[in-house]
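> work_1.cif is reproduced in full below (mmCIF, C-alpha atoms).
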data_protein
loop_
_atom_site.label_atom_id
_atom_site.label_comp_id
_atom_site.auth_asym_id
_atom_site.auth_seq_id
_atom_site.Cartn_x
_atom_site.Cartn_y
_atom_site.Cartn_z
CA MET A 946 17.35 13.70 0.12
CA ARG A 947 17.65 12.46 3.69
CA LYS A 948 19.02 8.93 3.97
CA HIS A 949 18.11 6.35 6.58
CA SER A 950 20.88 4.08 7.79
CA GLN A 951 20.19 0.39 8.25
CA SER A 952 21.83 -2.02 10.68
CA GLY A 953 19.63 -5.02 11.26
CA LEU A 954 16.15 -5.54 12.52
CA THR A 955 15.97 -3.06 15.36
CA ARG A 956 18.86 -0.62 15.22
CA ARG A 957 17.43 1.57 12.46
CA SER A 958 15.92 4.18 14.74
CA LEU A 959 15.43 7.88 14.72
CA ILE A 960 13.28 10.44 16.40
CA GLY A 961 10.39 11.02 14.03
CA SER A 962 9.05 14.21 15.52
CA GLY A 963 11.56 15.83 17.85
CA ILE A 964 12.16 18.70 15.43
CA GLY A 965 10.44 22.04 15.84
CA ALA A 966 7.38 23.30 14.02
CA ALA A 967 7.19 21.93 10.49
CA VAL A 968 7.12 24.58 7.79
CA GLY A 969 3.74 24.90 6.16
CA PHE A 970 1.74 23.18 8.92
CA ALA A 971 -0.80 25.19 10.83
CA SER A 972 -0.95 24.97 14.62
CA TRP A 973 -3.57 22.96 16.43
CA GLN A 974 -4.34 22.70 20.11
CA SER A 975 -4.07 19.30 21.72
CA ARG A 976 -7.49 17.88 22.46
CA ALA A 977 -6.56 16.28 25.77
CA ALA A 978 -3.74 16.03 28.26
CA THR A 979 -1.18 13.99 26.39
CA PRO A 980 1.96 12.11 27.39
CA ALA A 981 5.27 13.82 26.72
CA LYS A 982 6.50 11.07 24.44
CA VAL A 983 5.20 7.80 23.00
CA ARG A 984 7.43 5.09 21.57
CA VAL A 985 6.01 3.72 18.33
CA GLY A 986 7.50 0.67 16.62
CA ALA A 987 7.35 0.77 12.81
CA ILE A 988 7.85 -2.51 10.95
CA ASN A 989 8.53 -2.45 7.20
CA PRO A 990 10.58 -4.31 4.56
CA SER A 991 13.24 -1.64 4.16
CA SER A 992 15.67 -4.00 2.43
CA GLY A 993 15.38 -7.07 0.22
CA VAL A 994 12.95 -7.63 -2.65
CA LEU A 995 10.29 -5.37 -1.09
CA ALA A 996 12.64 -2.50 -0.30
CA PHE A 997 11.06 0.06 -2.66
CA PRO A 998 7.61 0.10 -1.04
CA GLY A 999 9.11 -0.51 2.40
CA GLN A 1000 11.28 2.58 2.15
CA ALA A 1001 8.30 4.59 0.89
CA CYS A 1002 6.46 3.57 4.07
CA VAL A 1003 9.41 4.71 6.20
CA ARG A 1004 9.20 8.12 4.52
CA GLY A 1005 5.46 8.32 5.15
CA ILE A 1006 5.84 7.40 8.80
CA ASP A 1007 8.58 9.94 9.44
CA VAL A 1008 6.70 12.81 7.79
CA GLY A 1009 3.57 11.60 9.58
CA ALA A 1010 5.28 11.86 12.98
CA LYS A 1011 6.28 15.46 12.29
CA PHE A 1012 2.74 16.30 11.24
CA ALA A 1013 1.25 14.58 14.30
CA LYS A 1014 3.48 16.72 16.53
CA GLU A 1015 1.85 19.80 15.07
CA LYS A 1016 -1.72 18.56 14.86
CA PHE A 1017 -2.02 16.57 18.09
CA GLY A 1018 0.77 18.02 20.21
CA ILE A 1019 2.25 14.56 20.64
CA GLU A 1020 5.88 13.59 20.25
CA LEU A 1021 6.03 10.16 18.67
CA GLN A 1022 9.43 8.52 18.96
CA ILE A 1023 9.53 6.30 15.90
CA ILE A 1024 11.75 3.23 16.14
CA HIS A 1025 12.07 1.50 12.77
CA ALA A 1026 12.57 -2.23 12.26
CA ASP A 1027 13.43 -3.86 8.93
CA THR A 1028 11.95 -7.29 8.14
CA GLN A 1029 14.43 -7.64 5.28
CA SER A 1030 11.46 -8.75 3.14
CA ARG A 1031 11.19 -12.02 5.09
CA PRO A 1032 7.71 -12.78 6.49
CA GLU A 1033 9.09 -14.69 9.46
CA ASN A 1034 11.00 -11.60 10.58
CA GLY A 1035 7.76 -9.80 11.39
CA ARG A 1036 7.52 -11.50 14.77
CA ILE A 1037 11.21 -11.01 15.54
CA ALA A 1038 10.93 -7.30 14.74
CA ALA A 1039 7.78 -6.87 16.83
CA GLU A 1040 9.26 -8.67 19.84
CA ASN A 1041 12.41 -6.53 19.74
CA LEU A 1042 10.43 -3.30 19.42
CA ILE A 1043 8.22 -4.24 22.35
CA ARG A 1044 11.33 -4.98 24.44
CA GLN A 1045 12.55 -1.47 23.58
CA GLY A 1046 9.42 0.00 25.17
CA CYS A 1047 7.17 0.52 22.17
CA THR A 1048 3.58 0.57 23.37
CA VAL A 1049 1.98 0.61 19.93
CA LEU A 1050 3.15 -0.79 16.58
CA ILE A 1051 2.62 0.12 12.93
CA GLY A 1052 3.29 -2.42 10.19
CA ALA A 1053 4.18 -4.49 8.37
CA TRP A 1054 3.27 -3.93 4.66
CA ASP A 1055 3.63 -7.56 3.62
CA SER A 1056 0.66 -9.72 4.72
CA GLY A 1057 2.87 -12.61 5.82
CA ALA A 1058 5.10 -10.38 7.93
CA THR A 1059 2.03 -8.62 9.35
CA ILE A 1060 0.47 -11.88 10.54
CA SER A 1061 3.82 -12.89 12.00
CA ALA A 1062 4.20 -9.56 13.84
CA LEU A 1063 0.62 -9.75 15.13
CA GLN A 1064 1.47 -12.98 16.94
CA ALA A 1065 4.02 -11.08 19.03
CA ALA A 1066 1.68 -8.13 19.51
CA GLU A 1067 -1.06 -10.47 20.67
CA ALA A 1068 1.19 -12.20 23.20
CA ALA A 1069 2.38 -8.88 24.65
CA LYS A 1070 -1.02 -7.13 24.42
CA VAL A 1071 0.40 -4.28 22.37
CA PRO A 1072 -1.94 -2.80 19.72
CA MET A 1073 -0.80 -2.79 16.11
CA VAL A 1074 -2.12 -0.48 13.39
CA VAL A 1075 -1.78 -2.17 10.00
CA HIS A 1076 -1.09 0.49 7.39
CA ILE A 1077 -0.88 -1.93 4.43
CA ALA A 1078 -1.57 -5.69 4.20
CA SER A 1079 -4.65 -7.03 2.50
CA ALA A 1080 -4.80 -10.78 3.13
CA THR A 1081 -8.10 -11.77 4.71
CA GLN A 1082 -6.31 -13.70 7.45
CA VAL A 1083 -5.01 -10.50 9.08
CA THR A 1084 -8.44 -9.78 10.57
CA SER A 1085 -10.04 -13.22 10.40
CA GLN A 1086 -7.84 -15.20 12.81
CA GLY A 1087 -9.15 -13.74 16.05
CA PHE A 1088 -6.35 -11.28 16.82
CA THR A 1089 -7.52 -8.74 19.40
CA GLU A 1090 -4.65 -6.28 18.98
CA VAL A 1091 -5.08 -5.63 15.26
CA PHE A 1092 -6.44 -2.38 13.78
CA ARG A 1093 -6.16 -2.58 10.01
CA TYR A 1094 -6.51 0.64 8.05
CA TYR A 1095 -6.11 -1.04 4.66
CA PRO A 1096 -9.07 -2.90 3.09
CA THR A 1097 -9.19 -6.68 2.81
CA SER A 1098 -8.19 -8.12 -0.55
CA LEU A 1099 -11.81 -9.05 -1.29
CA THR A 1100 -13.06 -5.54 -0.52
CA ILE A 1101 -10.48 -3.76 -2.63
CA VAL A 1102 -10.74 -6.27 -5.48
CA ARG A 1103 -14.54 -6.08 -5.55
CA LYS A 1104 -14.50 -2.27 -5.68
CA SER A 1105 -11.69 -2.35 -8.24
CA LEU A 1106 -13.62 -4.70 -10.51
CA MET A 1107 -16.69 -2.49 -10.29
CA GLU A 1108 -14.55 0.40 -11.54
CA LEU A 1109 -13.06 -1.87 -14.24
CA LYS A 1110 -16.52 -2.87 -15.42
CA SER A 1111 -17.45 0.79 -15.68
CA LEU A 1112 -14.29 1.54 -17.66
CA LEU A 1113 -14.94 -1.38 -20.04
CA SER A 1114 -18.43 -0.07 -20.78
CA SER A 1115 -16.99 3.28 -21.86
CA ILE A 1116 -14.46 2.04 -24.45
CA LYS A 1117 -14.66 0.66 -27.97
CA ASP A 1118 -13.21 -2.71 -28.95
CA ALA A 1119 -12.90 -3.79 -25.32
CA PRO A 1120 -10.94 -6.95 -24.50
CA THR A 1121 -12.91 -10.19 -24.33
CA SER A 1122 -10.71 -12.39 -22.13
CA ALA A 1123 -8.05 -12.03 -19.47
CA VAL A 1124 -5.22 -14.05 -18.01
CA VAL A 1125 -4.41 -13.57 -14.31
CA MET A 1126 -0.73 -13.57 -13.33
CA HIS A 1127 -0.22 -13.46 -9.58
CA LEU A 1128 2.35 -13.82 -6.85
CA ASN A 1129 2.19 -17.17 -5.10
CA ASN A 1130 2.58 -15.72 -1.59
CA THR A 1131 0.05 -14.87 1.13
CA MET A 1132 -1.03 -11.62 -0.53
CA GLY A 1133 -1.04 -13.04 -4.06
CA GLN A 1134 -3.01 -16.14 -3.21
CA SER A 1135 -5.54 -14.15 -1.19
CA THR A 1136 -5.97 -11.63 -4.01
CA ALA A 1137 -6.28 -14.35 -6.67
CA ALA A 1138 -9.02 -16.02 -4.61
CA SER A 1139 -10.71 -12.62 -4.22
CA ILE A 1140 -10.53 -12.03 -7.99
CA ASP A 1141 -12.12 -15.41 -8.63
CA GLN A 1142 -14.98 -14.65 -6.22
CA ALA A 1143 -15.53 -10.97 -7.06
CA TRP A 1144 -15.28 -11.51 -10.84
CA LYS A 1145 -18.48 -13.54 -10.69
CA GLU A 1146 -20.22 -11.23 -8.20
CA VAL A 1147 -19.51 -8.09 -10.23
CA GLU A 1148 -20.14 -9.89 -13.54
CA VAL A 1149 -17.09 -8.49 -15.29
CA PRO A 1150 -17.70 -9.00 -19.04
CA LEU A 1151 -14.37 -10.76 -19.60
CA ARG A 1152 -13.65 -14.48 -19.60
CA ILE A 1153 -10.74 -15.51 -17.40
CA ALA A 1154 -8.63 -17.80 -19.56
CA GLU A 1155 -6.12 -18.93 -16.94
CA TYR A 1156 -4.51 -18.24 -13.55
CA ILE A 1157 -0.69 -18.26 -13.62
CA PRO A 1158 1.06 -18.11 -10.21
CA TYR A 1159 4.77 -17.36 -9.75
CA ASP A 1160 7.26 -17.10 -6.88
CA GLU A 1161 7.93 -13.61 -5.52
CA ARG A 1162 11.68 -14.28 -5.54
CA ALA A 1163 11.73 -15.38 -9.17
CA LYS A 1164 14.56 -13.87 -11.19
CA ASP A 1165 12.97 -14.65 -14.55
CA LEU A 1166 9.32 -14.70 -15.65
CA SER A 1167 9.84 -15.60 -19.31
CA VAL A 1168 8.03 -18.95 -18.98
CA GLU A 1169 5.04 -17.41 -17.20
CA VAL A 1170 4.69 -14.55 -19.71
CA ALA A 1171 4.98 -17.01 -22.61
CA LYS A 1172 2.20 -19.06 -21.01
CA ALA A 1173 0.05 -15.93 -20.62
CA LYS A 1174 0.63 -15.00 -24.26
CA ALA A 1175 -0.23 -18.53 -25.41
CA SER A 1176 -3.55 -18.40 -23.52
CA GLY A 1177 -4.94 -16.14 -26.25
CA ALA A 1178 -6.19 -13.59 -23.71
CA ASP A 1179 -6.18 -9.97 -24.86
CA ALA A 1180 -6.00 -8.48 -21.34
CA LEU A 1181 -3.60 -9.10 -18.48
CA VAL A 1182 -4.74 -8.93 -14.87
CA SER A 1183 -1.64 -8.88 -12.69
CA VAL A 1184 -1.13 -9.11 -8.93
CA THR A 1185 2.39 -7.84 -8.43
CA ARG A 1186 5.02 -6.13 -6.37
CA VAL A 1187 7.32 -3.66 -8.10
CA ASN A 1188 10.20 -5.99 -9.01
CA ASP A 1189 8.03 -8.60 -10.72
CA ALA A 1190 5.86 -5.90 -12.34
CA ILE A 1191 9.01 -4.62 -14.03
CA MET A 1192 10.00 -8.14 -15.12
CA ILE A 1193 6.56 -8.78 -16.63
CA ILE A 1194 6.65 -5.63 -18.79
CA ARG A 1195 10.18 -6.38 -19.93
CA GLU A 1196 9.14 -9.90 -20.93
CA CYS A 1197 6.04 -8.64 -22.75
CA THR A 1198 8.29 -6.31 -24.73
CA LYS A 1199 10.86 -9.03 -25.45
CA GLN A 1200 8.25 -11.61 -26.47
CA GLY A 1201 6.14 -9.21 -28.49
CA TRP A 1202 2.99 -9.68 -26.43
CA ASN A 1203 0.80 -6.58 -26.56
CA PRO A 1204 -2.40 -7.05 -24.56
CA LYS A 1205 -5.03 -4.37 -25.05
CA MET A 1206 -5.14 -3.71 -21.31
CA ILE A 1207 -3.04 -4.39 -18.20
CA PHE A 1208 -5.03 -4.05 -14.98
CA SER A 1209 -3.62 -4.62 -11.48
CA PRO A 1210 -6.14 -4.79 -8.63
CA ASN A 1211 -4.68 -4.65 -5.11
CA SER A 1212 -1.14 -4.47 -6.42
CA ASN A 1213 2.01 -2.48 -6.23
CA GLY A 1214 4.20 -1.83 -9.22
CA ALA A 1215 2.60 0.77 -11.45
CA GLN A 1216 2.39 3.31 -8.61
CA ASP A 1217 6.08 3.07 -7.64
CA LYS A 1218 8.64 5.58 -8.87
CA ALA A 1219 11.07 2.68 -9.21
CA TYR A 1220 8.75 1.11 -11.81
CA TYR A 1221 8.88 4.20 -14.05
CA ASP A 1222 12.59 4.76 -13.46
CA ALA A 1223 13.31 1.19 -14.60
CA LEU A 1224 10.92 1.02 -17.57
CA GLY A 1225 10.88 4.53 -18.99
CA LYS A 1226 8.38 4.80 -21.86
CA TYR A 1227 7.42 1.14 -21.42
CA GLY A 1228 5.97 1.91 -17.99
CA ASP A 1229 3.05 3.92 -19.38
CA GLY A 1230 -0.40 2.43 -19.91
CA ALA A 1231 -0.80 -0.04 -17.08
CA ILE A 1232 -3.86 0.52 -14.87
CA LEU A 1233 -3.76 0.07 -11.10
CA SER A 1234 -6.31 0.17 -8.29
CA THR A 1235 -5.11 1.32 -4.89
CA LEU A 1236 -5.70 3.67 -1.99
CA TRP A 1237 -4.39 7.09 -3.00
CA TYR A 1238 -4.08 10.51 -1.44
CA ASN A 1239 -6.80 13.13 -1.72
CA PRO A 1240 -5.27 16.30 -3.23
CA LYS A 1241 -8.32 18.24 -2.01
CA ALA A 1242 -7.91 17.31 1.68
CA PRO A 1243 -7.63 20.43 3.89
CA ASP A 1244 -3.99 19.82 4.82
CA ALA A 1245 -2.92 18.07 1.61
CA ALA A 1246 -0.94 21.00 0.19
CA ALA A 1247 1.11 21.42 3.38
CA ILE A 1248 1.71 17.67 3.69
CA LEU A 1249 2.79 17.29 0.06
CA LYS A 1250 5.07 20.29 0.48
CA ARG A 1251 6.73 18.65 3.48
CA PHE A 1252 7.21 15.39 1.55
CA ALA A 1253 8.76 17.31 -1.34
CA SER A 1254 11.06 19.19 1.02
CA ASP A 1255 12.24 16.12 2.91
CA TYR A 1256 12.40 13.79 -0.11
CA PRO A 1257 12.84 15.80 -3.31
CA ASN A 1258 13.78 12.70 -5.34
CA ASP A 1259 10.66 10.71 -4.43
CA TRP A 1260 6.93 11.18 -4.67
CA VAL A 1261 3.97 10.45 -2.42
CA ASP A 1262 2.29 7.19 -3.41
CA GLY A 1263 -0.17 4.76 -1.87
CA ASN A 1264 2.54 3.25 0.32
CA SER A 1265 3.84 6.45 1.85
CA GLY A 1266 0.31 7.83 2.05
CA CYS A 1267 -1.13 4.86 3.95
CA ALA A 1268 1.88 4.85 6.28
CA PHE A 1269 1.39 8.58 6.93
CA GLU A 1270 -2.30 7.96 7.69
CA ALA A 1271 -1.48 5.13 10.12
CA VAL A 1272 0.62 7.54 12.19
CA GLN A 1273 -2.33 9.94 12.37
CA ILE A 1274 -4.58 7.10 13.55
CA VAL A 1275 -2.09 6.36 16.34
CA ALA A 1276 -1.72 10.02 17.27
CA ASP A 1277 -5.49 10.51 17.37
CA ALA A 1278 -5.85 7.50 19.68
CA VAL A 1279 -3.04 8.62 22.00
CA SER A 1280 -4.57 12.11 22.14
CA ARG A 1281 -7.93 10.72 23.20
CA ALA A 1282 -6.39 8.19 25.57
CA GLY A 1283 -4.19 10.78 27.30
CA SER A 1284 -1.74 7.96 27.95
CA SER A 1285 1.20 6.12 26.41
CA GLU A 1286 0.11 2.79 27.90
CA SER A 1287 -0.83 0.02 25.49
CA ALA A 1288 -4.16 -0.79 27.15
CA ALA A 1289 -5.34 2.84 27.01
CA ILE A 1290 -4.23 3.23 23.39
CA HIS A 1291 -5.99 -0.04 22.52
CA ALA A 1292 -9.25 1.20 24.04
CA ALA A 1293 -8.96 4.49 22.17
CA LEU A 1294 -8.25 2.75 18.85
CA LYS A 1295 -11.42 0.71 19.27
CA ALA A 1296 -13.38 3.97 19.52
CA THR A 1297 -11.70 5.60 16.49
CA ASP A 1298 -14.04 7.67 14.33
CA MET A 1299 -12.04 10.07 12.19
CA THR A 1300 -11.87 11.56 8.74
CA PRO A 1301 -8.61 10.69 6.95
CA ILE A 1302 -6.03 13.44 7.14
CA LEU A 1303 -4.50 12.78 3.71
CA MET A 1304 -5.92 9.70 2.03
CA SER A 1305 -9.04 9.31 -0.09
CA SER A 1306 -10.38 6.32 1.79
CA GLY A 1307 -13.60 7.14 3.62
CA LYS A 1308 -14.29 7.43 7.34
CA ILE A 1309 -11.91 5.49 9.60
CA LYS A 1310 -13.78 3.24 12.06
CA PHE A 1311 -12.84 -0.28 13.15
CA ASP A 1312 -15.28 -3.16 13.44
CA ALA A 1313 -15.20 -5.92 16.08
CA ASN A 1314 -12.47 -7.73 14.15
CA GLY A 1315 -10.26 -4.66 13.93
CA GLN A 1316 -11.01 -3.99 10.25
CA ASN A 1317 -11.48 -0.42 9.03
CA MET A 1318 -14.99 -0.18 7.62
CA GLY A 1319 -14.27 2.72 5.25
CA SER A 1320 -12.37 1.96 2.05
CA ASP A 1321 -12.57 3.76 -1.28
CA VAL A 1322 -10.26 2.80 -4.14
CA THR A 1323 -8.72 5.01 -6.79
CA ILE A 1324 -7.88 3.89 -10.33
CA LEU A 1325 -4.52 5.08 -11.68
CA GLN A 1326 -2.91 4.75 -15.07
CA GLY A 1327 0.72 5.33 -15.96
CA GLN A 1328 0.87 8.36 -18.23
CA ASN A 1329 3.98 10.30 -19.21
CA GLY A 1330 6.12 8.54 -16.63
CA LYS A 1331 3.84 8.94 -13.61
CA PRO A 1332 0.59 7.47 -12.24
CA ARG A 1333 -2.43 9.66 -12.94
CA VAL A 1334 -5.94 9.33 -11.46
CA VAL A 1335 -8.45 8.20 -14.15
CA ALA A 1336 -11.37 7.02 -11.97
CA PRO A 1337 -13.70 7.49 -10.27
CA GLN A 1338 -14.81 10.50 -12.26
CA SER A 1339 -15.29 12.64 -9.15
CA VAL A 1340 -11.54 12.75 -8.55
CA ALA A 1341 -10.15 11.97 -12.04
CA GLU A 1342 -7.30 14.18 -13.25
CA ALA A 1343 -6.79 12.48 -16.63
CA ALA A 1344 -8.75 10.47 -19.21
CA LEU A 1345 -8.17 6.75 -19.65
CA GLN A 1346 -5.82 5.98 -22.53
CA TYR A 1347 -6.93 2.83 -24.38
CA PRO A 1348 -5.86 0.53 -25.86
CA LEU A 1349 -2.39 -0.05 -24.47
CA VAL A 1350 0.16 1.29 -26.97
CA PRO A 1351 2.05 -1.76 -28.34
CA PHE A 1352 5.43 -2.04 -26.65
CA ASN A 1353 7.27 -2.57 -29.92
CA SER A 1354 5.99 0.71 -31.38
CA ARG A 1355 6.99 3.02 -28.55
#
Just dump the structure as structure tokens.


Amino acid sequence: MRKHSQSGLTRRSLIGSGIGAAVGFASWQSRAATPAKVRVGAINPSSGVLAFPGQACVRGIDVGAKFAKEKFGIELQIIHADTQSRPENGRIAAENLIRQGCTVLIGAWDSGATISALQAAEAAKVPMVVHIASATQVTSQGFTEVFRYYPTSLTIVRKSLMELKSLLSSIKDAPTSAVVMHLNNTMGQSTAASIDQAWKEVEVPLRIAEYIPYDERAKDLSVEVAKAKASGADALVSVTRVNDAIMIIRECTKQGWNPKMIFSPNSNGAQDKAYYDALGKYGDGAILSTLWYNPKAPDAAAILKRFASDYPNDWVDGNSGCAFEAVQIVADAVSRAGSSESAAIHAALKATDMTPILMSSGKIKFDANGQNMGSDVTILQGQNGKPRVVAPQSVAEAALQYPLVPFNSR
């Protein structure tokens, strides 16, 4: 496994695509005269409480740069910056990357850090492709440099709840009520508000008993889980990152709470390898909605092979997949722009109209606010120590397992 050194916000840098032809990738001709090299700043939480997904994004970006070299004939010099899982560091990272000559940015995973970084991008007129960050504010505050690939929290929650409603109609002895446990940060609050709105719109046949917020830096969630258990709800809807998702399952096991279903719309956790490594058999059963890769995409086999070769101890998930796709969006724009200048790349990004290279997410086109208009969600469930696709039926690789096997009988 290749390791990435870290030394602060801006010194973690490497050439993402200066290596020769990647094994397994076919050759493509460049579609236009392209610049010899483009500096791309990549902002992610590579350390701190969000390190697991942040490092997955780093992997996706680096493999994505190699692939872009082959597909578009463009050498992307990736310069990584670590926000250290602090939202306020998004702007600091973006400013430093721009000073180093980056003419386009990718970032920043966390919604708070993304909004912070966009302030710097806006001031410098440097376009920023948002690979992951779902808070509505990212594309509702008038930023002109934002191009968000990921759906808004309301969009992904609404589509997720439609899939949940369909799943509920297909099972016997379905739950009747749910408690919502959610992070009390920008992403968590936005998603909780989206759940509240979309739950009514979709008419999910479950009563929401209570909303229980918690701090993302909490070291113990025993009080919150006890409160969820006391609500009498027989389903848990959770809005988590991986660390707190692990804590919640451990507390459910300790306290003997066995909801019939755990469903996480617009969340991390149950897709992360770290979640299964930490929980073992207790990690199975949780259901998650996310953007996921399309195993039937024309180049999927070659891309997955490259990931496996470069990172044999990790797997491709929604984080690394979205980060990979963001690099392809940048490369496509640079190819059409024929320039490494920010203004030309910005104009090309506005005209983007491309089919995803790896992800199962619909056509990529940005509206006037910089929001990608295509967004399909995939429903995963932890089975045998790994997330498996259970919906929609057109791409399902496994059947839904219901109800959740009680933790104390595993």

> As an exercise, work out the distance from CA of Lys1226 (chain A) to CA of Met1206 (chain A) in Å and give it to one decimal place.

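It comes out at 16.0 Å.
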
> Excluding Ala1278 (chain A) and residues on its chain fewer than 3 positions from it, collect all residues at most 8 Å away from it, counting all atoms listed in the file, and give them as JSON, numbers by chain.

{"A": [1274, 1275, 1281, 1282, 1290, 1293, 1294, 1297]}

> I need the residue nearest Asn1034 (chain A) from this list: A:Asp1244, A:Asp1055, A:Glu1286, A:Glu1020. Use only C-alpha atoms for the distance.

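The shortest atom-to-atom distance to Asn1034 (chain A) comes from A:Asp1055.
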
> So how many Å separate CA of Gln1316 (chain A) and CA of Gly1046 (chain A), to one decimal?

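A separation of 25.6 Å between them.
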
> If you count all atoms listed in the file, which residues fall within 9 Å of Gly1327 (chain A), apart from same-chain ones fewer than 5 positions away, as number ranges by chain?

A: 1215-1216, 1221, 1228-1233, 1332-1334

> Please report the interatomic distance between CA of Gly999 (chain A) and CA of Thr1059 (chain A) in Å with one decimal.

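Interatomic distance here is 12.8 Å.
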
> A:Leu1113, A:Ala1223, A:Ala1336, A:Ile1060: which is nearest Val1083 (chain A), counting all atoms listed in the file?

A:Ile1060

> Expanded to explicit residues, what is the PyMOL selection byres ((chain A and resi 1261-1269) around 8) for this file, as number ranges by chain?

A: 998-999, 1001-1010, 1076-1077, 1094-1095, 1216-1217, 1235-1238, 1249, 1252, 1259-1260, 1270-1273, 1303-1304

> Give me the result of the PyMOL selection byres ((chain A and resi 1308) around 8) on this file, residue by residue, as a tab-separated table (two decimals) with C-alpha atoms, in the coordinates of the input.


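Below is the file that was written, result.tsv:
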chain	number	residue	atom	x	y	z
A	1298	ASP	CA	-14.04	7.67	14.33
A	1299	MET	CA	-12.04	10.07	12.19
A	1300	THR	CA	-11.87	11.56	8.74
A	1301	PRO	CA	-8.61	10.69	6.95
A	1306	SER	CA	-10.38	6.32	1.79
A	1307	GLY	CA	-13.60	7.14	3.62
A	1309	ILE	CA	-11.91	5.49	9.60
A	1310	LYS	CA	-13.78	3.24	12.06
A	1318	MET	CA	-14.99	-0.18	7.62
A	1319	GLY	CA	-14.27	2.72	5.25
A	1320	SER	CA	-12.37	1.96	2.05

> Please produce region 1243-1259 of chain A, completed to N, CA and C atoms, as a PDB file, keeping the file's coordinate frame.


ATOM      1  N   PRO A1243      -7.974  19.101   3.362  1.00  0.00           N
ATOM      2  CA  PRO A1243      -7.630  20.430   3.890  1.00  0.00           C
ATOM      3  C   PRO A1243      -6.127  20.664   4.088  1.00  0.00           C
ATOM      4  N   ASP A1244      -5.411  19.646   4.539  1.00  0.00           N
ATOM      5  CA  ASP A1244      -3.990  19.820   4.820  1.00  0.00           C
ATOM      6  C   ASP A1244      -3.095  19.208   3.749  1.00  0.00           C
ATOM      7  N   ALA A1245      -3.696  18.782   2.636  1.00  0.00           N
ATOM      8  CA  ALA A1245      -2.920  18.070   1.610  1.00  0.00           C
ATOM      9  C   ALA A1245      -1.757  18.895   1.083  1.00  0.00           C
ATOM     10  N   ALA A1246      -1.994  20.169   0.777  1.00  0.00           N
ATOM     11  CA  ALA A1246      -0.940  21.000   0.190  1.00  0.00           C
ATOM     12  C   ALA A1246       0.269  21.097   1.122  1.00  0.00           C
ATOM     13  N   ALA A1247       0.014  21.301   2.417  1.00  0.00           N
ATOM     14  CA  ALA A1247       1.110  21.420   3.380  1.00  0.00           C
ATOM     15  C   ALA A1247       1.847  20.090   3.539  1.00  0.00           C
ATOM     16  N   ILE A1248       1.088  18.986   3.534  1.00  0.00           N
ATOM     17  CA  ILE A1248       1.710  17.670   3.690  1.00  0.00           C
ATOM     18  C   ILE A1248       2.571  17.331   2.478  1.00  0.00           C
ATOM     19  N   LEU A1249       2.037  17.566   1.282  1.00  0.00           N
ATOM     20  CA  LEU A1249       2.790  17.290   0.060  1.00  0.00           C
ATOM     21  C   LEU A1249       4.036  18.171  -0.026  1.00  0.00           C
ATOM     22  N   LYS A1250       3.928  19.390   0.463  1.00  0.00           N
ATOM     23  CA  LYS A1250       5.070  20.290   0.480  1.00  0.00           C
ATOM     24  C   LYS A1250       6.155  19.753   1.398  1.00  0.00           C
ATOM     25  N   ARG A1251       5.761  19.215   2.544  1.00  0.00           N
ATOM     26  CA  ARG A1251       6.730  18.650   3.480  1.00  0.00           C
ATOM     27  C   ARG A1251       7.406  17.426   2.868  1.00  0.00           C
ATOM     28  N   PHE A1252       6.623  16.550   2.223  1.00  0.00           N
ATOM     29  CA  PHE A1252       7.210  15.390   1.550  1.00  0.00           C
ATOM     30  C   PHE A1252       8.246  15.856   0.523  1.00  0.00           C
ATOM     31  N   ALA A1253       7.869  16.832  -0.286  1.00  0.00           N
ATOM     32  CA  ALA A1253       8.760  17.310  -1.340  1.00  0.00           C
ATOM     33  C   ALA A1253      10.028  17.917  -0.763  1.00  0.00           C
ATOM     34  N   SER A1254       9.903  18.582   0.382  1.00  0.00           N
ATOM     35  CA  SER A1254      11.060  19.190   1.020  1.00  0.00           C
ATOM     36  C   SER A1254      11.997  18.139   1.606  1.00  0.00           C
ATOM     37  N   ASP A1255      11.434  17.153   2.268  1.00  0.00           N
ATOM     38  CA  ASP A1255      12.240  16.120   2.910  1.00  0.00           C
ATOM     39  C   ASP A1255      12.793  15.106   1.912  1.00  0.00           C
ATOM     40  N   TYR A1256      12.018  14.832   0.853  1.00  0.00           N
ATOM     41  CA  TYR A1256      12.400  13.790  -0.110  1.00  0.00           C
ATOM     42  C   TYR A1256      12.199  14.289  -1.544  1.00  0.00           C
ATOM     43  N   PRO A1257      13.041  15.184  -1.994  1.00  0.00           N
ATOM     44  CA  PRO A1257      12.840  15.800  -3.310  1.00  0.00           C
ATOM     45  C   PRO A1257      12.978  14.822  -4.482  1.00  0.00           C
ATOM     46  N   ASN A1258      13.585  13.670  -4.257  1.00  0.00           N
ATOM     47  CA  ASN A1258      13.780  12.700  -5.340  1.00  0.00           C
ATOM     48  C   ASN A1258      12.735  11.589  -5.351  1.00  0.00           C
ATOM     49  N   ASP A1259      11.722  11.715  -4.507  1.00  0.00           N
ATOM     50  CA  ASP A1259      10.660  10.710  -4.430  1.00  0.00           C
ATOM     51  C   ASP A1259       9.308  11.395  -4.508  1.00  0.00           C
TER      52      ASP A1259
END
